[in-house]
$ cat target29.pdb   # PDB, C-alpha atoms
ATOM      1  CA  MET A   1     -37.546  12.583   3.147
ATOM      2  CA  LYS A   2     -36.164  11.587  -0.242
ATOM      3  CA  ASN A   3     -32.878  13.265   0.707
ATOM      4  CA  ALA A   4     -32.546  11.045   3.795
ATOM      5  CA  LYS A   5     -33.139   7.938   1.698
ATOM      6  CA  LEU A   6     -30.521   9.096  -0.790
ATOM      7  CA  ALA A   7     -28.163   9.733   2.119
ATOM      8  CA  LEU A   8     -28.668   6.153   3.323
ATOM      9  CA  VAL A   9     -27.825   4.815  -0.126
ATOM     10  CA  GLY A  10     -24.869   7.177  -0.431
ATOM     11  CA  CYS A  11     -23.396   6.298   2.944
ATOM     12  CA  GLY A  12     -23.675   2.610   2.149
ATOM     13  CA  VAL A  13     -21.899   3.021  -1.163
ATOM     14  CA  LEU A  14     -19.267   5.272   0.413
ATOM     15  CA  GLY A  15     -18.573   2.712   3.125
ATOM     16  CA  LEU A  16     -18.350  -0.111   0.595
ATOM     17  CA  VAL A  17     -15.855   1.898  -1.451
ATOM     18  CA  ALA A  18     -13.770   2.409   1.682
ATOM     19  CA  LEU A  19     -13.847  -1.336   2.383
ATOM     20  CA  ILE A  20     -13.146  -2.560  -1.140
ATOM     21  CA  ALA A  21     -10.803   0.043  -2.653
ATOM     22  CA  PRO A  22      -7.098  -0.601  -2.103
ATOM     23  CA  PHE A  23      -5.934   2.460  -0.181
ATOM     24  CA  ALA A  24      -2.246   2.477   0.827
ATOM     25  CA  GLY A  25      -1.446  -1.055  -0.189
ATOM     26  CA  GLY A  26      -4.462  -3.289   0.101
ATOM     27  CA  SER A  27      -8.164  -3.588   0.496
ATOM     28  CA  LEU A  28      -9.506  -3.665   4.041
ATOM     29  CA  LEU A  29     -12.031  -6.300   3.021
ATOM     30  CA  ALA A  30      -9.358  -8.570   1.553
ATOM     31  CA  GLY A  31      -7.360  -8.318   4.764
ATOM     32  CA  LEU A  32     -10.429  -9.145   6.831
ATOM     33  CA  LEU A  33     -11.237 -12.141   4.619
ATOM     34  CA  GLU A  34      -7.747 -13.533   5.219
ATOM     35  CA  ILE A  35      -8.092 -13.174   8.983
ATOM     36  CA  ASP A  36     -11.759 -13.959   9.645
ATOM     37  CA  ALA A  37     -14.496 -14.386   7.039
ATOM     38  CA  ALA A  38     -17.310 -13.828   9.555
ATOM     39  CA  SER A  39     -15.834 -10.474  10.543
ATOM     40  CA  ALA A  40     -15.606  -9.506   6.884
ATOM     41  CA  LEU A  41     -19.299 -10.330   6.415
ATOM     42  CA  VAL A  42     -20.226  -8.193   9.422
ATOM     43  CA  HIS A  43     -18.254  -5.281   7.990
ATOM     44  CA  LEU A  44     -20.033  -5.711   4.653
ATOM     45  CA  ALA A  45     -23.431  -5.837   6.355
ATOM     46  CA  ILE A  46     -22.679  -2.584   8.182
ATOM     47  CA  PHE A  47     -22.760  -0.733   4.858
ATOM     48  CA  VAL A  48     -24.945  -2.965   2.662
ATOM     49  CA  LEU A  49     -27.975  -2.868   4.981
ATOM     50  CA  PRO A  50     -28.414   0.945   5.095
ATOM     51  CA  ALA A  51     -27.901   1.159   1.325
ATOM     52  CA  ALA A  52     -30.455  -1.594   0.726
ATOM     53  CA  MET A  53     -33.009  -0.050   3.088
ATOM     54  CA  GLY A  54     -32.610   3.363   1.437
ATOM     55  CA  ALA A  55     -32.948   1.798  -2.009
ATOM     56  CA  PHE A  56     -36.086  -0.084  -0.923
ATOM     57  CA  GLY A  57     -37.524   3.175   0.390
ATOM     58  CA  LEU A  58     -36.782   4.951  -2.881
ATOM     59  CA  ALA A  59     -38.152   2.139  -5.025
ATOM     60  CA  ARG A  60     -41.343   1.580  -3.043
ATOM     61  CA  PRO A  61     -42.231   4.507  -0.811
ATOM     62  CA  PRO A  62     -42.876   4.992   2.024
ATOM     63  CA  LEU A  63     -39.843   3.964   4.018
ATOM     64  CA  ARG A  64     -41.218   1.772   6.778
ATOM     65  CA  ALA A  65     -40.185   2.111  10.415
ATOM     66  CA  TRP A  66     -38.591  -1.348  10.429
ATOM     67  CA  GLN A  67     -36.428  -0.356   7.450
ATOM     68  CA  SER A  68     -35.229   2.728   9.307
ATOM     69  CA  GLY A  69     -34.577   0.566  12.346
ATOM     70  CA  VAL A  70     -32.504  -1.925  10.359
ATOM     71  CA  ALA A  71     -30.464   0.920   8.863
ATOM     72  CA  LEU A  72     -29.958   2.479  12.298
ATOM     73  CA  ALA A  73     -28.944  -0.845  13.842
ATOM     74  CA  ALA A  74     -26.368  -1.402  11.104
ATOM     75  CA  CYS A  75     -24.964   2.108  11.539
ATOM     76  CA  VAL A  76     -24.737   1.762  15.323
ATOM     77  CA  LEU A  77     -23.035  -1.612  14.874
ATOM     78  CA  GLY A  78     -20.570   0.140  12.562
ATOM     79  CA  VAL A  79     -19.907   2.892  15.090
ATOM     80  CA  VAL A  80     -19.120   0.313  17.763
ATOM     81  CA  ARG A  81     -17.345  -2.249  15.583
ATOM     82  CA  LEU A  82     -15.128   0.266  13.779
ATOM     83  CA  GLN A  83     -14.665   2.379  16.928
ATOM     84  CA  ALA A  84     -15.723   5.655  15.341
ATOM     85  CA  TRP A  85     -14.487   7.618  18.363
ATOM     86  CA  ASP A  86     -10.925   6.456  17.644
ATOM     87  CA  LEU A  87     -11.348   7.253  13.949
ATOM     88  CA  ALA A  88     -12.468  10.775  14.854
ATOM     89  CA  LEU A  89      -9.637  11.337  17.330
ATOM     90  CA  HIS A  90      -6.943  10.169  14.902
ATOM     91  CA  LEU A  91      -8.405  11.717  11.766
ATOM     92  CA  PRO A  92      -5.181  13.334  10.485
ATOM     93  CA  SER A  93      -3.214  10.094  10.698
ATOM     94  CA  ILE A  94      -5.739   7.528   9.436
ATOM     95  CA  GLY A  95      -5.840   8.562   5.813
ATOM     96  CA  LEU A  96      -8.583   8.653   3.238
ATOM     97  CA  ARG A  97     -10.035   5.238   4.109
ATOM     98  CA  GLY A  98     -10.685   6.289   7.700
ATOM     99  CA  VAL A  99     -12.222   9.571   6.609
ATOM    100  CA  LEU A 100     -14.576   7.741   4.232
ATOM    101  CA  LEU A 101     -15.544   5.198   6.896
ATOM    102  CA  LEU A 102     -16.197   7.900   9.482
ATOM    103  CA  ALA A 103     -18.217  10.012   7.032
ATOM    104  CA  ALA A 104     -20.306   6.999   5.997
ATOM    105  CA  LEU A 105     -21.027   6.068   9.619
ATOM    106  CA  VAL A 106     -21.951   9.587  10.716
ATOM    107  CA  ILE A 107     -24.104  10.366   7.671
ATOM    108  CA  GLY A 108     -25.796   6.968   7.827
ATOM    109  CA  THR A 109     -26.582   7.277  11.519
ATOM    110  CA  VAL A 110     -28.017  10.782  11.167
ATOM    111  CA  ALA A 111     -30.071   9.839   8.089
ATOM    112  CA  SER A 112     -31.470   6.689   9.692
ATOM    113  CA  VAL A 113     -32.421   8.562  12.880
ATOM    114  CA  ALA A 114     -34.094  11.233  10.732
ATOM    115  CA  THR A 115     -36.124   8.650   8.830
ATOM    116  CA  LEU A 116     -37.074   6.903  12.050
ATOM    117  CA  LEU A 117     -38.212  10.071  13.824
ATOM    118  CA  ARG A 118     -40.079  11.546  10.840
ATOM    119  CA  PRO A 119     -41.890   8.681   9.137
ATOM    120  CA  GLU A 120     -43.616   9.186   5.823
ATOM    121  CA  ALA A 121     -47.385   9.147   5.584
TER
END
$ encode --input "target29.pdb" --output "structure tokens"
Amino acid sequence: MKNAKLALVGCGVLGLVALIAPFAGGSLLAGLLEIDAASALVHLAIFVLPAAMGAFGLARPPLRAWQSGVALAACVLGVVRLQAWDLALHLPSIGLRGVLLLAALVIGTVASVATLLRPEA
């Protein structure tokens, strides 16, 4: 179960790197802040929440069901908001940022489902 918690933290950090790092010109987060600050906060929450829930689970075991649920909700919001199906279909043309976002969403969703279905004692 520790591996799933580490995966939650890792996917959150990976997603944040994809948002903040300036790939091919500029940061995705900076562009979102210029357009709509609320949208930028939602995109941050998509990756901060799973990382925080995984870190809480590592710091004070066991990982509670509500923490797994929060991580899963954030990952599902990310799948819908970032349209992961389009990212997957256009993988060769989206570049490294899209690959990192897709990997973070898939790993985070699988890890949060695993922690929700197999709770710790």
$ resolve_selection --input "target29.pdb" --expression "the PyMOL selection byres ((chain A and resi 93-104) around 10)" --output "PyMOL selection string"
chain A and resi 7-24+27-28+47+75+78-79+82-92+105-109
$ write_last_selection --input "target29.pdb" --atoms "C-alpha atoms" --output "mmCIF file, in the coordinates of the input"
data_model
loop_
_atom_site.group_PDB
_atom_site.id
_atom_site.type_symbol
_atom_site.label_atom_id
_atom_site.label_comp_id
_atom_site.auth_asym_id
_atom_site.auth_seq_id
_atom_site.Cartn_x
_atom_site.Cartn_y
_atom_site.Cartn_z
ATOM 1 C CA ALA A 7 -28.163 9.733 2.119
ATOM 2 C CA LEU A 8 -28.668 6.153 3.323
ATOM 3 C CA VAL A 9 -27.825 4.815 -0.126
ATOM 4 C CA GLY A 10 -24.869 7.177 -0.431
ATOM 5 C CA CYS A 11 -23.396 6.298 2.944
ATOM 6 C CA GLY A 12 -23.675 2.610 2.149
ATOM 7 C CA VAL A 13 -21.899 3.021 -1.163
ATOM 8 C CA LEU A 14 -19.267 5.272 0.413
ATOM 9 C CA GLY A 15 -18.573 2.712 3.125
ATOM 10 C CA LEU A 16 -18.350 -0.111 0.595
ATOM 11 C CA VAL A 17 -15.855 1.898 -1.451
ATOM 12 C CA ALA A 18 -13.770 2.409 1.682
ATOM 13 C CA LEU A 19 -13.847 -1.336 2.383
ATOM 14 C CA ILE A 20 -13.146 -2.560 -1.140
ATOM 15 C CA ALA A 21 -10.803 0.043 -2.653
ATOM 16 C CA PRO A 22 -7.098 -0.601 -2.103
ATOM 17 C CA PHE A 23 -5.934 2.460 -0.181
ATOM 18 C CA ALA A 24 -2.246 2.477 0.827
ATOM 19 C CA SER A 27 -8.164 -3.588 0.496
ATOM 20 C CA LEU A 28 -9.506 -3.665 4.041
ATOM 21 C CA PHE A 47 -22.760 -0.733 4.858
ATOM 22 C CA CYS A 75 -24.964 2.108 11.539
ATOM 23 C CA GLY A 78 -20.570 0.140 12.562
ATOM 24 C CA VAL A 79 -19.907 2.892 15.090
ATOM 25 C CA LEU A 82 -15.128 0.266 13.779
ATOM 26 C CA GLN A 83 -14.665 2.379 16.928
ATOM 27 C CA ALA A 84 -15.723 5.655 15.341
ATOM 28 C CA TRP A 85 -14.487 7.618 18.363
ATOM 29 C CA ASP A 86 -10.925 6.456 17.644
ATOM 30 C CA LEU A 87 -11.348 7.253 13.949
ATOM 31 C CA ALA A 88 -12.468 10.775 14.854
ATOM 32 C CA LEU A 89 -9.637 11.337 17.330
ATOM 33 C CA HIS A 90 -6.943 10.169 14.902
ATOM 34 C CA LEU A 91 -8.405 11.717 11.766
ATOM 35 C CA PRO A 92 -5.181 13.334 10.485
ATOM 36 C CA LEU A 105 -21.027 6.068 9.619
ATOM 37 C CA VAL A 106 -21.951 9.587 10.716
ATOM 38 C CA ILE A 107 -24.104 10.366 7.671
ATOM 39 C CA GLY A 108 -25.796 6.968 7.827
ATOM 40 C CA THR A 109 -26.582 7.277 11.519
#
$ resolve_selection --input "target29.pdb" --expression "the PyMOL selection byres ((chain A and resi 65) around 10)" --output "PyMOL selection string"
chain A and resi 62-64+66-71+112+115-120
$ atom_distance --input "target29.pdb" --atom1 "atom CA of Val113 of chain A" --atom2 "atom CA of Ala45 of chain A"
18.2 Å
$ atom_distance --input "target29.pdb" --atom1 "atom CA of Lys5 of chain A" --atom2 "atom CA of Leu58 of chain A"
6.6 Å
$ atom_distance --input "target29.pdb" --atom1 "atom CA of Phe56 of chain A" --atom2 "atom CA of Leu33 of chain A"
28.2 Å
$ decode --input "target29.pdb" --residues "segment 23-35 of chain A" --atoms "N, CA and C atoms" --output "tab-separated table (two decimals), in the first residue's frame"
chain	number	residue	atom	x	y	z
A	23	PHE	N	7.61	24.35	-21.15
A	23	PHE	CA	7.88	23.52	-22.31
A	23	PHE	C	7.47	24.28	-23.57
A	24	ALA	N	8.32	24.30	-24.57
A	24	ALA	CA	8.03	24.89	-25.88
A	24	ALA	C	7.47	26.31	-25.75
A	25	GLY	N	8.19	27.14	-25.05
A	25	GLY	CA	7.79	28.54	-25.00
A	25	GLY	C	7.38	29.04	-23.64
A	26	GLY	N	6.32	28.52	-23.07
A	26	GLY	CA	5.84	29.07	-21.82
A	26	GLY	C	5.20	28.05	-20.93
A	27	SER	N	4.98	28.46	-19.72
A	27	SER	CA	4.35	27.60	-18.73
A	27	SER	C	2.84	27.56	-18.98
A	28	LEU	N	2.27	26.39	-18.86
A	28	LEU	CA	0.82	26.24	-19.02
A	28	LEU	C	0.09	26.99	-17.91
A	29	LEU	N	0.63	26.96	-16.71
A	29	LEU	CA	0.00	27.65	-15.60
A	29	LEU	C	0.02	29.16	-15.79
A	30	ALA	N	1.11	29.69	-16.29
A	30	ALA	CA	1.17	31.14	-16.54
A	30	ALA	C	0.15	31.56	-17.59
A	31	GLY	N	0.00	30.76	-18.62
A	31	GLY	CA	-1.00	31.05	-19.64
A	31	GLY	C	-2.41	30.99	-19.10
A	32	LEU	N	-2.67	30.02	-18.22
A	32	LEU	CA	-3.99	29.92	-17.61
A	32	LEU	C	-4.26	31.09	-16.67
A	33	LEU	N	-3.24	31.53	-15.95
A	33	LEU	CA	-3.42	32.68	-15.04
A	33	LEU	C	-3.76	33.95	-15.80
A	34	GLU	N	-3.19	34.10	-17.00
A	34	GLU	CA	-3.50	35.28	-17.81
A	34	GLU	C	-4.94	35.25	-18.31
A	35	ILE	N	-5.44	34.06	-18.62
A	35	ILE	CA	-6.78	33.93	-19.18
A	35	ILE	C	-7.84	33.92	-18.07
